[in-house]
Structures are given as structure tokens and as C-alpha cells.
$ cat data25.cif   # mmCIF, C-alpha atoms and all ligand atoms
data_model
loop_
_atom_site.group_PDB
_atom_site.id
_atom_site.type_symbol
_atom_site.label_atom_id
_atom_site.label_comp_id
_atom_site.auth_asym_id
_atom_site.auth_seq_id
_atom_site.Cartn_x
_atom_site.Cartn_y
_atom_site.Cartn_z
ATOM 1 C CA MET G 1 -41.738 -12.126 24.184
ATOM 2 C CA ASN G 2 -43.456 -13.008 20.910
ATOM 3 C CA GLY G 3 -47.033 -11.725 21.164
ATOM 4 C CA GLY G 4 -48.049 -13.580 17.986
ATOM 5 C CA LYS G 5 -46.965 -16.975 19.327
ATOM 6 C CA LEU G 6 -48.241 -16.268 22.820
ATOM 7 C CA PHE G 7 -51.799 -15.911 21.528
ATOM 8 C CA SER G 8 -51.535 -18.429 18.700
ATOM 9 C CA LEU G 9 -54.030 -21.312 18.654
ATOM 10 C CA GLU G 10 -52.441 -23.077 15.689
ATOM 11 C CA GLY G 11 -52.902 -26.844 15.973
ATOM 12 C CA LYS G 12 -55.610 -26.509 18.660
ATOM 13 C CA ASN G 13 -59.170 -27.825 18.382
ATOM 14 C CA ALA G 14 -61.867 -25.617 19.924
ATOM 15 C CA PHE G 15 -65.444 -26.727 20.617
ATOM 16 C CA VAL G 16 -67.997 -23.955 21.128
ATOM 17 C CA THR G 17 -71.413 -25.021 22.401
ATOM 18 C CA GLY G 18 -74.267 -23.071 20.832
ATOM 19 C CA GLY G 19 -71.802 -21.772 18.253
ATOM 20 C CA ALA G 20 -74.311 -21.530 15.407
ATOM 21 C CA ARG G 21 -75.046 -17.857 15.946
ATOM 22 C CA GLY G 22 -74.713 -14.918 18.321
ATOM 23 C CA LEU G 23 -71.883 -14.788 20.849
ATOM 24 C CA GLY G 24 -70.810 -18.390 20.205
ATOM 25 C CA PHE G 25 -70.418 -17.747 16.488
ATOM 26 C CA ALA G 26 -68.455 -14.543 17.115
ATOM 27 C CA MET G 27 -66.117 -16.220 19.610
ATOM 28 C CA ALA G 28 -65.610 -19.243 17.353
ATOM 29 C CA CYS G 29 -64.626 -16.920 14.481
ATOM 30 C CA GLY G 30 -62.141 -15.202 16.822
ATOM 31 C CA LEU G 31 -60.658 -18.569 17.820
ATOM 32 C CA ALA G 32 -60.420 -19.595 14.151
ATOM 33 C CA GLU G 33 -58.650 -16.345 13.302
ATOM 34 C CA ALA G 34 -56.075 -17.172 15.998
ATOM 35 C CA GLY G 35 -55.489 -20.524 14.272
ATOM 36 C CA ALA G 36 -57.828 -23.003 15.993
ATOM 37 C CA ALA G 37 -59.917 -25.593 14.175
ATOM 38 C CA VAL G 38 -63.513 -24.885 15.175
ATOM 39 C CA PHE G 39 -66.291 -27.302 16.118
ATOM 40 C CA PHE G 40 -69.742 -26.337 17.384
ATOM 41 C CA ASN G 41 -73.180 -27.656 18.204
ATOM 42 C CA ALA G 42 -76.717 -26.299 18.327
ATOM 43 C CA ARG G 43 -80.027 -27.880 19.183
ATOM 44 C CA SER G 44 -81.499 -28.203 15.716
ATOM 45 C CA GLU G 45 -80.215 -29.418 12.336
ATOM 46 C CA LYS G 46 -81.578 -26.177 10.889
ATOM 47 C CA SER G 47 -79.457 -24.018 13.222
ATOM 48 C CA VAL G 48 -76.378 -26.088 12.472
ATOM 49 C CA ALA G 49 -76.942 -25.740 8.712
ATOM 50 C CA GLU G 50 -77.500 -21.967 9.007
ATOM 51 C CA GLY G 51 -74.418 -21.685 11.204
ATOM 52 C CA LEU G 52 -72.293 -23.583 8.673
ATOM 53 C CA THR G 53 -73.453 -21.199 5.936
ATOM 54 C CA ASP G 54 -72.474 -18.201 8.079
ATOM 55 C CA TYR G 55 -69.050 -19.679 8.854
ATOM 56 C CA ARG G 56 -68.454 -20.288 5.125
ATOM 57 C CA ARG G 57 -69.420 -16.656 4.424
ATOM 58 C CA ARG G 58 -66.798 -15.584 6.956
ATOM 59 C CA GLY G 59 -64.210 -17.864 5.340
ATOM 60 C CA VAL G 60 -64.068 -20.092 8.435
ATOM 61 C CA GLU G 61 -63.996 -23.847 7.989
ATOM 62 C CA ALA G 62 -66.105 -25.111 10.907
ATOM 63 C CA ARG G 63 -67.745 -28.427 11.704
ATOM 64 C CA GLY G 64 -71.200 -28.419 13.285
ATOM 65 C CA TYR G 65 -73.332 -31.041 15.001
ATOM 66 C CA PRO G 66 -76.922 -31.108 16.265
ATOM 67 C CA CYS G 67 -76.642 -32.031 19.946
ATOM 68 C CA ASP G 68 -78.496 -30.825 23.037
ATOM 69 C CA VAL G 69 -76.127 -29.853 25.861
ATOM 70 C CA THR G 70 -78.610 -31.161 28.415
ATOM 71 C CA ASP G 71 -78.315 -34.686 26.975
ATOM 72 C CA GLU G 72 -75.426 -36.204 28.928
ATOM 73 C CA GLU G 73 -75.026 -39.332 26.786
ATOM 74 C CA ALA G 74 -75.172 -37.446 23.499
ATOM 75 C CA VAL G 75 -72.558 -34.888 24.605
ATOM 76 C CA ALA G 76 -70.191 -37.592 25.916
ATOM 77 C CA ALA G 77 -70.544 -39.586 22.672
ATOM 78 C CA LEU G 78 -69.990 -36.508 20.495
ATOM 79 C CA PHE G 79 -66.832 -35.436 22.363
ATOM 80 C CA SER G 80 -65.435 -38.947 22.417
ATOM 81 C CA ASN G 81 -66.058 -39.365 18.647
ATOM 82 C CA LEU G 82 -64.476 -35.990 17.901
ATOM 83 C CA CYS G 83 -61.391 -36.888 19.904
ATOM 84 C CA GLY G 84 -61.203 -40.223 18.066
ATOM 85 C CA GLU G 85 -61.425 -38.499 14.694
ATOM 86 C CA TYR G 86 -59.504 -35.248 15.273
ATOM 87 C CA GLY G 87 -57.205 -36.163 18.166
ATOM 88 C CA ALA G 88 -58.321 -33.753 20.912
ATOM 89 C CA ILE G 89 -60.600 -31.048 22.184
ATOM 90 C CA ASP G 90 -58.062 -28.559 23.530
ATOM 91 C CA ILE G 91 -60.518 -25.746 24.206
ATOM 92 C CA LEU G 92 -64.144 -25.968 25.312
ATOM 93 C CA VAL G 93 -66.283 -22.831 25.309
ATOM 94 C CA ASN G 94 -69.498 -23.437 27.259
ATOM 95 C CA ASN G 95 -71.635 -20.832 25.529
ATOM 96 C CA ALA G 96 -75.046 -22.437 24.811
ATOM 97 C CA GLY G 97 -77.674 -20.730 26.892
ATOM 98 C CA ILE G 98 -81.296 -19.624 27.072
ATOM 99 C CA ILE G 99 -83.167 -17.000 29.039
ATOM 100 C CA ASN G 100 -86.709 -16.770 30.407
ATOM 101 C CA ARG G 101 -87.887 -13.298 31.388
ATOM 102 C CA THR G 102 -90.882 -14.244 33.518
ATOM 103 C CA PRO G 103 -91.428 -12.547 36.880
ATOM 104 C CA MET G 104 -90.386 -15.045 39.535
ATOM 105 C CA THR G 105 -93.783 -15.478 41.167
ATOM 106 C CA GLU G 106 -95.326 -16.265 37.775
ATOM 107 C CA MET G 107 -92.616 -18.729 36.744
ATOM 108 C CA SER G 108 -93.263 -22.446 37.086
ATOM 109 C CA ALA G 109 -90.642 -24.681 38.646
ATOM 110 C CA GLU G 110 -90.499 -26.451 35.287
ATOM 111 C CA GLU G 111 -89.569 -23.189 33.487
ATOM 112 C CA PHE G 112 -86.961 -22.462 36.178
ATOM 113 C CA ARG G 113 -85.469 -25.938 35.763
ATOM 114 C CA ARG G 114 -85.288 -25.574 31.995
ATOM 115 C CA VAL G 115 -83.066 -22.496 32.261
ATOM 116 C CA VAL G 116 -80.873 -24.029 34.969
ATOM 117 C CA ASP G 117 -80.665 -27.275 32.955
ATOM 118 C CA THR G 118 -79.348 -25.491 29.878
ATOM 119 C CA ASP G 119 -77.265 -22.686 31.414
ATOM 120 C CA LEU G 120 -75.722 -24.534 34.371
ATOM 121 C CA THR G 121 -76.207 -28.291 34.041
ATOM 122 C CA GLY G 122 -75.278 -28.073 30.321
ATOM 123 C CA PRO G 123 -71.798 -26.639 31.065
ATOM 124 C CA PHE G 124 -71.390 -29.222 33.848
ATOM 125 C CA ILE G 125 -72.227 -32.026 31.397
ATOM 126 C CA ALA G 126 -69.866 -30.710 28.712
ATOM 127 C CA ALA G 127 -67.016 -30.068 31.177
ATOM 128 C CA LYS G 128 -67.510 -33.480 32.791
ATOM 129 C CA ALA G 129 -67.248 -35.129 29.363
ATOM 130 C CA VAL G 130 -64.222 -33.155 28.191
ATOM 131 C CA ILE G 131 -62.072 -33.129 31.354
ATOM 132 C CA PRO G 132 -60.938 -36.808 31.164
ATOM 133 C CA LEU G 133 -60.169 -36.316 27.462
ATOM 134 C CA MET G 134 -58.136 -33.204 28.276
ATOM 135 C CA ILE G 135 -56.309 -34.932 31.120
ATOM 136 C CA LYS G 136 -55.240 -37.693 28.705
ATOM 137 C CA ARG G 137 -53.729 -35.010 26.457
ATOM 138 C CA GLY G 138 -51.966 -33.205 29.302
ATOM 139 C CA GLY G 139 -54.396 -30.350 29.884
ATOM 140 C CA GLY G 140 -56.816 -27.922 28.274
ATOM 141 C CA LYS G 141 -58.840 -24.747 28.549
ATOM 142 C CA ILE G 142 -62.487 -24.461 29.568
ATOM 143 C CA ILE G 143 -64.201 -21.110 29.168
ATOM 144 C CA ASN G 144 -67.666 -20.700 30.661
ATOM 145 C CA ILE G 145 -69.840 -17.898 29.333
ATOM 146 C CA CYS G 146 -71.273 -16.348 32.447
ATOM 147 C CA GLY G 147 -72.781 -12.862 32.449
ATOM 148 C CA ILE G 148 -73.262 -9.790 34.545
ATOM 149 C CA MET G 149 -76.100 -11.791 36.111
ATOM 150 C CA SER G 150 -73.373 -13.922 37.703
ATOM 151 C CA GLU G 151 -72.908 -10.894 39.982
ATOM 152 C CA VAL G 152 -76.221 -9.051 40.201
ATOM 153 C CA GLY G 153 -79.910 -9.830 40.066
ATOM 154 C CA ARG G 154 -82.743 -7.938 38.472
ATOM 155 C CA GLU G 155 -86.480 -8.273 37.867
ATOM 156 C CA THR G 156 -87.521 -11.286 35.772
ATOM 157 C CA ALA G 157 -84.060 -12.873 35.984
ATOM 158 C CA ALA G 158 -84.535 -15.367 38.842
ATOM 159 C CA ALA G 159 -83.745 -18.477 36.804
ATOM 160 C CA TYR G 160 -81.102 -16.903 34.577
ATOM 161 C CA ALA G 161 -79.234 -15.178 37.436
ATOM 162 C CA SER G 162 -79.375 -18.360 39.526
ATOM 163 C CA ALA G 163 -77.892 -20.356 36.653
ATOM 164 C CA LYS G 164 -75.213 -17.792 35.779
ATOM 165 C CA GLY G 165 -74.280 -17.312 39.442
ATOM 166 C CA GLY G 166 -73.946 -21.084 39.700
ATOM 167 C CA LEU G 167 -71.839 -21.142 36.544
ATOM 168 C CA LYS G 168 -69.410 -18.697 38.134
ATOM 169 C CA MET G 169 -68.949 -21.108 41.047
ATOM 170 C CA LEU G 170 -68.727 -24.152 38.739
ATOM 171 C CA THR G 171 -65.894 -22.281 36.990
ATOM 172 C CA LYS G 172 -64.043 -21.762 40.263
ATOM 173 C CA ASN G 173 -64.658 -25.340 41.317
ATOM 174 C CA ILE G 174 -63.298 -26.830 38.087
ATOM 175 C CA ALA G 175 -60.213 -24.609 38.502
ATOM 176 C CA ALA G 176 -59.772 -25.818 42.077
ATOM 177 C CA GLU G 177 -60.427 -29.477 41.296
ATOM 178 C CA TYR G 178 -58.545 -29.847 37.986
ATOM 179 C CA GLY G 179 -56.022 -27.009 38.002
ATOM 180 C CA GLY G 180 -53.455 -29.590 39.092
ATOM 181 C CA CYS G 181 -54.105 -31.455 35.816
ATOM 182 C CA ASN G 182 -53.114 -28.391 33.804
ATOM 183 C CA ILE G 183 -56.730 -27.466 33.085
ATOM 184 C CA GLN G 184 -57.506 -23.772 33.247
ATOM 185 C CA CYS G 185 -61.185 -22.975 33.653
ATOM 186 C CA ASN G 186 -62.193 -19.332 33.469
ATOM 187 C CA GLY G 187 -65.349 -17.434 32.670
ATOM 188 C CA ILE G 188 -66.261 -14.522 30.473
ATOM 189 C CA GLY G 189 -69.030 -12.263 31.716
ATOM 190 C CA PRO G 190 -70.319 -10.386 28.689
ATOM 191 C CA GLY G 191 -72.326 -7.249 29.266
ATOM 192 C CA TYR G 192 -75.370 -6.624 27.102
ATOM 193 C CA MET G 193 -74.431 -7.797 23.592
ATOM 194 C CA ALA G 194 -76.836 -7.286 20.707
ATOM 195 C CA THR G 195 -77.965 -10.785 19.636
ATOM 196 C CA ALA G 196 -81.175 -12.757 18.963
ATOM 197 C CA LEU G 197 -81.380 -13.479 22.715
ATOM 198 C CA ASN G 198 -82.269 -9.844 23.499
ATOM 199 C CA GLU G 199 -83.621 -8.602 20.175
ATOM 200 C CA SER G 200 -87.016 -7.811 21.733
ATOM 201 C CA LEU G 201 -85.331 -5.441 24.203
ATOM 202 C CA ARG G 202 -83.989 -3.300 21.371
ATOM 203 C CA GLU G 203 -87.221 -3.136 19.377
ATOM 204 C CA LYS G 204 -88.876 0.282 19.295
ATOM 205 C CA MET G 205 -92.079 0.706 21.311
ATOM 206 C CA PRO G 206 -95.432 0.606 19.409
ATOM 207 C CA ASP G 207 -95.448 4.442 19.404
ATOM 208 C CA GLY G 208 -91.983 4.520 17.784
ATOM 209 C CA THR G 209 -90.061 5.617 20.879
ATOM 210 C CA ILE G 210 -86.875 3.889 22.054
ATOM 211 C CA ASN G 211 -87.444 0.842 24.265
ATOM 212 C CA PRO G 212 -86.833 2.000 27.892
ATOM 213 C CA PHE G 213 -84.598 -1.024 28.464
ATOM 214 C CA ASP G 214 -82.450 -0.081 25.471
ATOM 215 C CA ARG G 215 -82.173 3.456 26.898
ATOM 216 C CA PHE G 216 -81.308 2.037 30.355
ATOM 217 C CA ILE G 217 -78.509 -0.158 28.946
ATOM 218 C CA ARG G 218 -76.919 2.724 27.048
ATOM 219 C CA ALA G 219 -77.177 5.036 30.059
ATOM 220 C CA GLN G 220 -75.908 2.407 32.512
ATOM 221 C CA THR G 221 -72.902 1.366 30.426
ATOM 222 C CA PRO G 222 -70.012 3.840 30.681
ATOM 223 C CA ALA G 223 -69.085 2.864 27.109
ATOM 224 C CA GLY G 224 -72.548 4.188 26.131
ATOM 225 C CA ARG G 225 -73.451 1.280 23.853
ATOM 226 C CA TRP G 226 -74.417 -2.374 23.605
ATOM 227 C CA GLY G 227 -71.501 -4.758 23.184
ATOM 228 C CA ASP G 228 -70.570 -6.006 19.743
ATOM 229 C CA ALA G 229 -69.754 -9.698 20.080
ATOM 230 C CA ALA G 230 -67.406 -9.846 17.094
ATOM 231 C CA GLU G 231 -65.434 -6.772 18.149
ATOM 232 C CA ASP G 232 -65.535 -7.128 21.909
ATOM 233 C CA LEU G 233 -65.361 -10.858 22.684
ATOM 234 C CA ALA G 234 -62.762 -12.224 20.267
ATOM 235 C CA GLY G 235 -59.783 -10.827 22.221
ATOM 236 C CA PRO G 236 -60.925 -12.060 25.660
ATOM 237 C CA VAL G 237 -61.800 -15.559 24.414
ATOM 238 C CA VAL G 238 -58.501 -15.921 22.520
ATOM 239 C CA PHE G 239 -56.606 -14.757 25.618
ATOM 240 C CA LEU G 240 -58.342 -17.315 27.856
ATOM 241 C CA ALA G 241 -57.909 -20.087 25.248
ATOM 242 C CA SER G 242 -54.222 -19.407 24.706
ATOM 243 C CA LYS G 243 -50.939 -19.996 26.471
ATOM 244 C CA ALA G 244 -51.027 -16.323 27.459
ATOM 245 C CA SER G 245 -53.443 -17.215 30.281
ATOM 246 C CA ASP G 246 -51.751 -20.390 31.569
ATOM 247 C CA PHE G 247 -51.493 -19.010 35.145
ATOM 248 C CA VAL G 248 -55.021 -17.557 35.151
ATOM 249 C CA ASN G 249 -57.487 -19.999 36.694
ATOM 250 C CA GLY G 250 -60.957 -19.704 38.219
ATOM 251 C CA GLN G 251 -61.433 -16.070 37.160
ATOM 252 C CA ILE G 252 -64.357 -14.328 35.499
ATOM 253 C CA LEU G 253 -63.376 -11.691 32.967
ATOM 254 C CA TYR G 254 -66.232 -9.202 32.672
ATOM 255 C CA VAL G 255 -66.514 -7.693 29.211
ATOM 256 C CA ASP G 256 -69.259 -5.181 29.872
ATOM 257 C CA GLY G 257 -68.097 -1.708 28.877
ATOM 258 C CA GLY G 258 -67.843 -0.887 32.587
ATOM 259 C CA PHE G 259 -71.486 -1.802 33.414
ATOM 260 C CA LEU G 260 -70.714 -3.563 36.707
ATOM 261 C CA SER G 261 -68.383 -0.786 37.857
ATOM 262 C CA TYR G 262 -71.120 1.787 37.411
ATOM 263 C CA LEU G 263 -73.840 0.194 39.552
HETATM 264 P P1 LIG R 301 -78.479 -16.908 21.055
HETATM 265 O O1 LIG R 301 -79.879 -17.205 21.453
HETATM 266 O O2 LIG R 301 -78.228 -15.940 19.953
HETATM 267 O O3 LIG R 301 -77.725 -18.292 20.679
HETATM 268 C C1 LIG R 301 -77.758 -19.358 21.577
HETATM 269 C C2 LIG R 301 -77.154 -20.595 20.948
HETATM 270 O O4 LIG R 301 -77.169 -21.619 21.956
HETATM 271 C C3 LIG R 301 -77.940 -21.117 19.770
HETATM 272 O O5 LIG R 301 -77.053 -21.623 18.777
HETATM 273 C C4 LIG R 301 -78.756 -22.272 20.373
HETATM 274 O O6 LIG R 301 -79.046 -23.342 19.483
HETATM 275 C C5 LIG R 301 -77.788 -22.771 21.414
HETATM 276 N N1 LIG R 301 -78.491 -23.525 22.447
HETATM 277 C C6 LIG R 301 -79.440 -23.103 23.317
HETATM 278 N N2 LIG R 301 -79.844 -24.118 24.089
HETATM 279 C C7 LIG R 301 -79.108 -25.199 23.716
HETATM 280 C C8 LIG R 301 -79.064 -26.541 24.129
HETATM 281 N N3 LIG R 301 -79.856 -27.019 25.096
HETATM 282 N N4 LIG R 301 -78.205 -27.382 23.488
HETATM 283 C C9 LIG R 301 -77.399 -26.936 22.519
HETATM 284 N N5 LIG R 301 -77.403 -25.673 22.057
HETATM 285 C C10 LIG R 301 -78.250 -24.824 22.661
HETATM 286 O O7 LIG R 301 -77.746 -16.447 22.406
HETATM 287 P P2 LIG R 301 -76.490 -15.465 22.640
HETATM 288 O O8 LIG R 301 -75.484 -15.654 21.599
HETATM 289 O O9 LIG R 301 -76.988 -14.104 22.937
HETATM 290 O O10 LIG R 301 -75.961 -16.024 24.040
HETATM 291 C C11 LIG R 301 -74.936 -17.009 24.112
HETATM 292 C C12 LIG R 301 -74.501 -17.161 25.545
HETATM 293 O O11 LIG R 301 -74.029 -15.904 26.050
HETATM 294 C C13 LIG R 301 -75.613 -17.588 26.501
HETATM 295 O O12 LIG R 301 -75.086 -18.463 27.469
HETATM 296 C C14 LIG R 301 -76.038 -16.291 27.141
HETATM 297 O O13 LIG R 301 -76.599 -16.477 28.404
HETATM 298 C C15 LIG R 301 -74.704 -15.576 27.246
HETATM 299 N N6 LIG R 301 -74.795 -14.138 27.377
HETATM 300 C C16 LIG R 301 -75.394 -13.383 26.401
HETATM 301 C C17 LIG R 301 -75.457 -12.015 26.542
HETATM 302 C C18 LIG R 301 -76.079 -11.142 25.503
HETATM 303 O O14 LIG R 301 -76.206 -9.942 25.758
HETATM 304 N N7 LIG R 301 -76.457 -11.652 24.346
HETATM 305 C C19 LIG R 301 -74.896 -11.339 27.729
HETATM 306 C C20 LIG R 301 -74.276 -12.239 28.675
HETATM 307 C C21 LIG R 301 -74.233 -13.583 28.489
HETATM 308 P P3 LIG R 301 -80.342 -23.330 18.503
HETATM 309 O O15 LIG R 301 -79.914 -22.354 17.432
HETATM 310 O O16 LIG R 301 -80.485 -24.687 17.991
HETATM 311 O O17 LIG R 301 -81.483 -22.820 19.312
#
$ encode --input "data25.cif" --output "C-alpha cells"
Amino acid sequence: MNGGKLFSLEGKNAFVTGGARGLGFAMACGLAEAGAAVFFNARSEKSVAEGLTDYRRRGVEARGYPCDVTDEEAVAALFSNLCGEYGAIDILVNNAGIINRTPMTEMSAEEFRRVVDTDLTGPFIAAKAVIPLMIKRGGGKIINICGIMSEVGRETAAAYASAKGGLKMLTKNIAAEYGGCNIQCNGIGPGYMATALNESLREKMPDGTINPFDRFIRAQTPAGRWGDAAEDLAGPVVFLASKASDFVNGQILYVDGGFLSYL
């Protein structure tokens, strides 16, 4: 068995939603290192431009587009244009996501919908647009970025956990519905990874002491640390994007330093 070829993404096109920074950026760099051509989107022109600068710094040639994943027409048009210009989207990583840490009884239905729209309906929209294009090419890989909140709830996570739990089931449903078309749809459930999304949780308290949540994460994770997206997610995403995982479908791979096993 040739491990190099098994995990090679040479000649593949990978689209990472929300790939301008954070986990999406780290996973896209991992996919590029394995040989894939990388495409990404973000909401704003500014994010796309900043993302492109960061990719250049890393020596990765990426193409970025401002496009909101909740805008069904815009996503369908973008994917169709990309396929026209570059031939195919072989790998879709549904990574774009937001969080709202409001206690449930203080959260408006509108705020709840916004999270679900981005974190669950967004992946639905992107998968719906890419699946026919993948079927035409004989198959593809869809990787949904779930989270430990796909499995457990906690205070102030009503919208986020609902969306990520739903995303786990969307993953299984795509596998069930399109597995016969040679589409593998799996999820990655990252544990707590240090990014802009949770920066406030790592900030020291006004009196200079460690944030209790930061302490909780380190104590609760057998690995004793926050995840490092670049180090910890590249391998799992390349595995799920590559031929190595062709018989893996509808699974969620938790990358959490053991967090869920320690509850
Ligand atoms: P960041 O906030 O650092 O980055 C999120 C990216 O998604 C940004 O590029 C943002 O674009 C983009 N985005 C958000 N909403 C939309 C939208 N409607 N349309 C298009 N792009 C959008 O987040 P992370 O990197 O931390 O998180 C990425 C994913 O990983 C999320 O789904 C998150 O839930 C998940 N996750 C994160 C964990 C963590 O510990 N960080 C743990 C488990 C899961 P813009 O720059 O324009 O705002």
C-alpha cells in the first residue's frame, strides 16, 4: 500500500466555506499541502482579502470569493461558475459557522434562527448545490464541521447545539441518500480549538486570573490543552477528503483531545 498516494489530493479541487481564517483556513492549508487546489468563501470582501494575504504568506495559492452561505442563489451560482471554470468541486468542507452565547430564555427566536441558518441551513444549501455537480463527475467528498455540541449541550448553547446536532444528522442523511452515487459525507467534530470564535473565553479576567472557562477546558480535556487547528485538524480533513476514506460514510470523527470520552 502506498500511503503517499492513498492520501494524495493531487488534481482535486477543494472548496472550504468560511476558509478565510480559523479552522477553515487551517484545514484548507492541510488540503493544499496534500495537493488539492483550494477555493474558499467568507461573508465580506475584507475577510476574503485578509484570507488571501494569509494564504500567500503560507505559500498556498488559494482563490477566495465573498459569498454568504445562507444565500441559496449566490452559492449555487458560485459553485456552478467554479465548475465551469475549473472543471469540478471534488471536495466540499462545510466549515462556515457562527455562535451566539446567550442564555436560552434571553435569546430571541430571530437570534436562534440566525445561528441555525448559518450553521445548519448553510451546509444544506452548499451540499444541495454541489451534489448534482459531484454526481456528474462520478462522486465527491463532503465534510461537515460539526462539534462536540453535536453530542452534548451546555448553558448558553441552545442555538449552536441545535444546529450542530442537526448537522450531524444532515451528514448521516446525505451519506444515506447519496452514498450510492459515490458521495461520501462525513463530519469532523473539533473539540475546543483556539480561534477568533472563542477568543473571549481565553482572555484573562479583569483581576488578571485565568478565565474559569479556559481552566475548565484544560481540566476537562485529557490532552490538557486547547486544540491547535493547524496541527490537529489537517490529518483528519485530509483523511476524509482522500481515497483513504472511500468506505467511510456518515461518520463523525471527533478531534477533541478526548473531551467527549471524559464527560
Ligand atoms: P471563525 O469565526 O474564526 O471563522 C468563521 C469563518 O466563517 C469566517 O471566515 C466567516 O467569514 C465565515 N462565515 C461565518 N458566517 C458565514 C456566512 N453566513 N457565510 C459565509 N461565511 C461565513 O470560526 P472558527 O474557525 O472557530 O470555526 C469554524 C467552524 O468550526 C464553525 O462551524 C464552528 O462552529 C466550528 N467549530 C469551531 C470550534 C472552535 O473551537 N473554534 C470547535 C468546534 C467547531 P467572515 O470572516 O466574513 O465573517
$ residues_near_ligand --input "data25.cif" --ligand "ligand LIG 301 (chain R)" --cutoff "7 Å" --atoms "only C-alpha atoms and all ligand atoms" --output "JSON, numbers by chain"
{"G": [17, 18, 19, 20, 21, 22, 23, 24, 41, 42, 43, 44, 47, 67, 68, 69, 70, 95, 96, 97, 98, 99, 118, 119, 145, 146, 147, 148, 189, 190, 191, 192, 193, 194, 195, 196, 197, 198]}
$ closest_residue --input "data25.cif" --among "G:Met27, G:Ile174, G:Ala129, G:Leu9" --to "Asp90 in chain G" --atoms "all atoms listed in the file"
G:Leu9
$ closest_residue --input "data25.cif" --among "G:Gly11, G:Pro103, G:Gly227, G:Gly166" --to "Asp117 in chain G" --atoms "all atoms listed in the file"
G:Gly166
$ atom_distance --input "data25.cif" --atom1 "CA of Cys83 in chain G" --atom2 "CA of Lys5 in chain G"
24.6 Å
$ resolve_selection --input "data25.cif" --expression "the PyMOL selection byres (((chain G and resi 182) around 10) and not hetatm)" --output "PyMOL selection string"
chain G and resi 134-135+137-141+175+178-181+183-185+246-247+249
$ atom_distance --input "data25.cif" --atom1 "CA of Gly64 in chain G" --atom2 "CA of Leu78 in chain G"
10.9 Å
$ closest_residue --input "data25.cif" --among "G:Met205, G:Ala28, G:Ile188, G:Val238" --to "Asp256 in chain G" --atoms "only C-alpha atoms"
G:Ile188
$ resolve_selection --input "data25.cif" --expression "the PyMOL selection byres (((chain G and resi 209-215) around 12) and not hetatm)" --output "list in words"
Tyr192, Met193, Ala194, Asn198, Glu199, Ser200, Leu201, Arg202, Glu203, Lys204, Met205, Pro206, Asp207, Gly208, Phe216, Ile217, Arg218, Ala219, Gln220, Thr221, Gly224, Arg225 and Trp226 of chain G
$ atom_distance --input "data25.cif" --atom1 "CA of Val93 in chain G" --atom2 "CA of Glu151 in chain G"
20.0 Å
$ closest_residue --input "data25.cif" --among "G:Asn13, G:Ala62, G:Gly153, G:Lys128" --to "Gly87 in chain G" --atoms "all atoms listed in the file"
G:Asn13
$ residues_around --input "data25.cif" --residues "Glu33 in chain G" --least-positions-apart "3" --cutoff "12 Å" --atoms "all atoms listed in the file" --output "PDB file with C-alpha atoms, keeping the file's coordinate frame"
ATOM      1  CA  GLY G   4     -48.049 -13.580  17.986  1.00  0.00           C
ATOM      2  CA  PHE G   7     -51.799 -15.911  21.528  1.00  0.00           C
ATOM      3  CA  SER G   8     -51.535 -18.429  18.700  1.00  0.00           C
ATOM      4  CA  LEU G   9     -54.030 -21.312  18.654  1.00  0.00           C
ATOM      5  CA  GLU G  10     -52.441 -23.077  15.689  1.00  0.00           C
ATOM      6  CA  LYS G  12     -55.610 -26.509  18.660  1.00  0.00           C
ATOM      7  CA  ALA G  14     -61.867 -25.617  19.924  1.00  0.00           C
ATOM      8  CA  ALA G  26     -68.455 -14.543  17.115  1.00  0.00           C
ATOM      9  CA  MET G  27     -66.117 -16.220  19.610  1.00  0.00           C
ATOM     10  CA  ALA G  28     -65.610 -19.243  17.353  1.00  0.00           C
ATOM     11  CA  CYS G  29     -64.626 -16.920  14.481  1.00  0.00           C
ATOM     12  CA  GLY G  30     -62.141 -15.202  16.822  1.00  0.00           C
ATOM     13  CA  ALA G  36     -57.828 -23.003  15.993  1.00  0.00           C
ATOM     14  CA  ALA G  37     -59.917 -25.593  14.175  1.00  0.00           C
ATOM     15  CA  VAL G  38     -63.513 -24.885  15.175  1.00  0.00           C
ATOM     16  CA  TYR G  55     -69.050 -19.679   8.854  1.00  0.00           C
ATOM     17  CA  ARG G  58     -66.798 -15.584   6.956  1.00  0.00           C
ATOM     18  CA  GLY G  59     -64.210 -17.864   5.340  1.00  0.00           C
ATOM     19  CA  VAL G  60     -64.068 -20.092   8.435  1.00  0.00           C
ATOM     20  CA  GLU G  61     -63.996 -23.847   7.989  1.00  0.00           C
ATOM     21  CA  ALA G  62     -66.105 -25.111  10.907  1.00  0.00           C
ATOM     22  CA  ALA G 230     -67.406  -9.846  17.094  1.00  0.00           C
ATOM     23  CA  ALA G 234     -62.762 -12.224  20.267  1.00  0.00           C
ATOM     24  CA  GLY G 235     -59.783 -10.827  22.221  1.00  0.00           C
ATOM     25  CA  VAL G 237     -61.800 -15.559  24.414  1.00  0.00           C
ATOM     26  CA  VAL G 238     -58.501 -15.921  22.520  1.00  0.00           C
TER      27      VAL G 238
END
$ closest_residue --input "data25.cif" --among "G:Asn173, G:Leu233, G:Leu6, G:Arg114" --to "Ser245 in chain G" --atoms "all atoms listed in the file"
G:Leu6
$ axis_aligned_box --input "data25.cif" --around "range 153-166 of chain G" --padding-each-side "8 Å" --output "JSON"
{"center_x": -80.7, "center_y": -14.5, "center_z": 37.3, "size_x": 29.6, "size_y": 29.1, "size_z": 21.5}
$ resolve_selection --input "data25.cif" --expression "the PyMOL selection byres (((chain G and resi 77) around 12) and not hetatm)" --output "list in words"
Tyr65, Cys67, Asp68, Val69, Asp71, Glu72, Glu73, Ala74, Val75, Ala76, Leu78, Phe79, Ser80, Asn81, Leu82, Cys83, Gly84, Ile125, Ala126, Ala129, Val130 and Leu133 of chain G
$ closest_residue --input "data25.cif" --among "G:Ala158, G:Ala127, G:Ala163, G:Ile252" --to "Glu106 in chain G" --atoms "only C-alpha atoms"
G:Ala158
$ residues_near_point --input "data25.cif" --point "(-90.3, -8.1, 32.5)" --cutoff "9 Å" --atoms "only C-alpha atoms" --output "ChimeraX atom specification"
/G:101-103,155-157
